[in-house]
Structure formats: C-alpha cells, structure tokens
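First up is the structure itself, then whatever we jot down about it.
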Amino acid sequence: QYCVITMSAVILLASAITGVIVAPQRIVPAQCHHGIGRRGAVVSAFAAVASAGVSLPAFAVQDPTDITRLQKGYKNIDYLLTHWEQETTTNEGARDADAVRKALGLRSTEDPLFQLEKVLQKAVQKTDPDRIEEWIDASDSLNTHVSNANEFAYTSAFGEYNPGGGKDQIDKYLELSRKELEGAAKDLKKICELLNLEV
C-alpha cells in the first residue's frame with residue numbers, strides 16, 4: 001500500500017512539474033520494498049515523463065537587468081484594476097483572484113514582474129543618487145503591497161473552504177487584494193518615474 005501511494009504521488013509530481021498528464025506506470029514487485037525519498041521522487045517524476053516519450057518544457061529565463069519589465073508590469077496591473085470585474089470573474093460567474101497573482105509576477109516565469117526583487121536590485125543602479133531615498137521608500141512599500149495582495153488573493157481563492165467561509169469571504173479578501181494592488185500600482189509608477197520610464 002505504501003508503495004502504491006508513493007508512486008501515485010510520483011505521477012502527480014511529474015504532471016505538476018511538466019504540465020503533462022502522465023499515464024500510471026506499472027509497478028514491479030522490486031519497487032515495493034522501499035519508500036521513495038523526496039530526491040528520489042523528483043528523479044522518478046522526470047523519469048516517468050521521459051518514459052512516456054514527452055519532452056520537458058523549457059523554462060524562460062528573463063533578464064533581471066531589463067527595467068522595461070517594470071513598465072510592462074505596471075501596465076498589466078493598471079489594466080487589471082481598470083477591468084477588475086471582468087478579469088476577476090470566470091465564465092461561470094464565480095470570482096477568481098488568480099489574475100492578481102499573475103499581474104504581480106507570481107504565477108509564471110514569463111510574467112514581467114517575475115522575481116521582482118532581482119529586477120529592483122539591478123534597477124536601483126540606474127536611479128539618480130540624489131533621489132535614492134524616494135527609491136527606498138517606493139520599493140519597500142511596493143514589496144509590502146505585493147506581499148499583502150498575494151496573501152489576500154490566496155485567501156480569497158480558498159475562502160469557500162475556510163471556517164465560516166463562503167461567497168462573502170471570497171469577495172472580502174478579493175477586495176482587500178484590490179486595495180493592495182492599487183498601492184502596488186502607485187509605488188511601481190513612482191519607481192518607473194525614477195527610472196525615466198514612461199507609464
């Protein structure tokens with residue numbers, strides 16, 4: 001039983017890593033004597049995908065020195081706020097906070113604000129030294145708003161399952177995430193201004 005559960009977890013891990021649904025593999029008796037550690041599970045996950053004849057996806061690596069990513073990220077956030085109801089409502093009419101995390105670069109390596117901290121670390125070098133205090137204030141505030149917006153969006157996503165949860169809880173935390181997103185947009189706009197990026 002232990003082995004079956006473990007191998008099932010391996011298959012799920014393979015699918016999660018690659019986005020590919022992997023067919024269950026036949027387990028030979030020799031595999032059932034020992035459990036699989038975390039390291040072994042990852043190796044087995046990739047092996048399962050390879051044995052299925054599937055190529056692993058290439059993960060995009062964005063340039064942390066590309067400060068235009070901040071500009072694009074601001075525009076994405078601004079668009080989301082402008083089209084809030086549309087972008088946070090599914091085709092079935094349910095509220096969905098996933099757009100918040102995507103706009104903040106927390107859903108995909110291809111999002112402009114992915115690994116925002118690294119971009120800010122590089123961008124500060126291009127800021128006027130005489131305005132460094134403004135940069136520090138804006139970047140610190142931005143990080144706080146991003147963290148809060150992410151937390152509220154995540155809570156909203158599972159609001160239905162939390163104690164006392166339901167539609168009201170989903171809407172409550174979604175609105176809180178919107179307010180934090182507005183703060184993030186203001187800070188990001190200030191940072192773009194300090195970098196002479198038009199927004």
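Every chain in the structure tokens has a letter given in the order shown (A, B, ...), and although residue numbers restart at 1 in each chain, ligands are simply numbered from 1 in the order shown.
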For stretch 103-111 of chain A, list every protein, DNA or RNA residue within 7 Å, evaluated using only C-alpha atoms, and leave out those in the same chain fewer than 5 positions away; present the list as a ChimeraX atom specification. /A:60,73,76-77,146
Export of the given selection (N, CA and C atoms) as an mmCIF file, in the first residue's frame:
data_model
loop_
_atom_site.group_PDB
_atom_site.id
_atom_site.type_symbol
_atom_site.label_atom_id
_atom_site.label_comp_id
_atom_site.auth_asym_id
_atom_site.auth_seq_id
_atom_site.Cartn_x
_atom_site.Cartn_y
_atom_site.Cartn_z
ATOM 1 N N ALA A 60 11.514 29.769 -19.415
ATOM 2 C CA ALA A 60 12.075 31.032 -19.879
ATOM 3 C C ALA A 60 12.829 31.711 -18.735
ATOM 4 N N GLY A 73 4.993 45.576 -16.279
ATOM 5 C CA GLY A 73 4.280 45.101 -15.097
ATOM 6 C C GLY A 73 3.278 46.123 -14.601
ATOM 7 N N ASN A 76 0.263 46.063 -16.822
ATOM 8 C CA ASN A 76 -0.574 44.885 -16.560
ATOM 9 C C ASN A 76 -1.451 45.092 -15.320
ATOM 10 N N ILE A 77 -0.852 45.670 -14.280
ATOM 11 C CA ILE A 77 -1.602 45.937 -13.049
ATOM 12 C C ILE A 77 -2.677 46.988 -13.305
ATOM 13 N N VAL A 146 2.802 44.062 -2.492
ATOM 14 C CA VAL A 146 2.819 42.817 -3.270
ATOM 15 C C VAL A 146 2.582 41.622 -2.348
#
Name the residues in contact with stretch 177-190 of chain A at a cut-off of 10 Å, using only C-alpha atoms, excluding same-chain residues fewer than 2 positions from it; report them as a PyMOL selection string. chain A and resi 70-71+73-78+80-81+84+97+100-101+103-104+134-135+137-156+171-175+192-199
DSSP alpha helix (DSSP H) residues within stretch 164-196 of chain A, as a PyMOL selection string: chain A and resi 167-194
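Taking atom CA of A:Asp66 and atom CA of A:Glu117 as the two end points, the separation is 12.7 Å.
Among the candidate residues A:Ala94, A:Ile191, A:Val119, A:Leu113, the one lying nearest to A:Ile136 is A:Ile191, with distances computed using only C-alpha atoms.
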Would you work out the distance separating atom CA of A:Gly159 from atom CA of A:Thr89, expressed in Å to one decimal? 15.1 Å
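One distance worth recording is that between atom CA of A:Gly93 and atom CA of A:Leu176, which is 19.7 Å.
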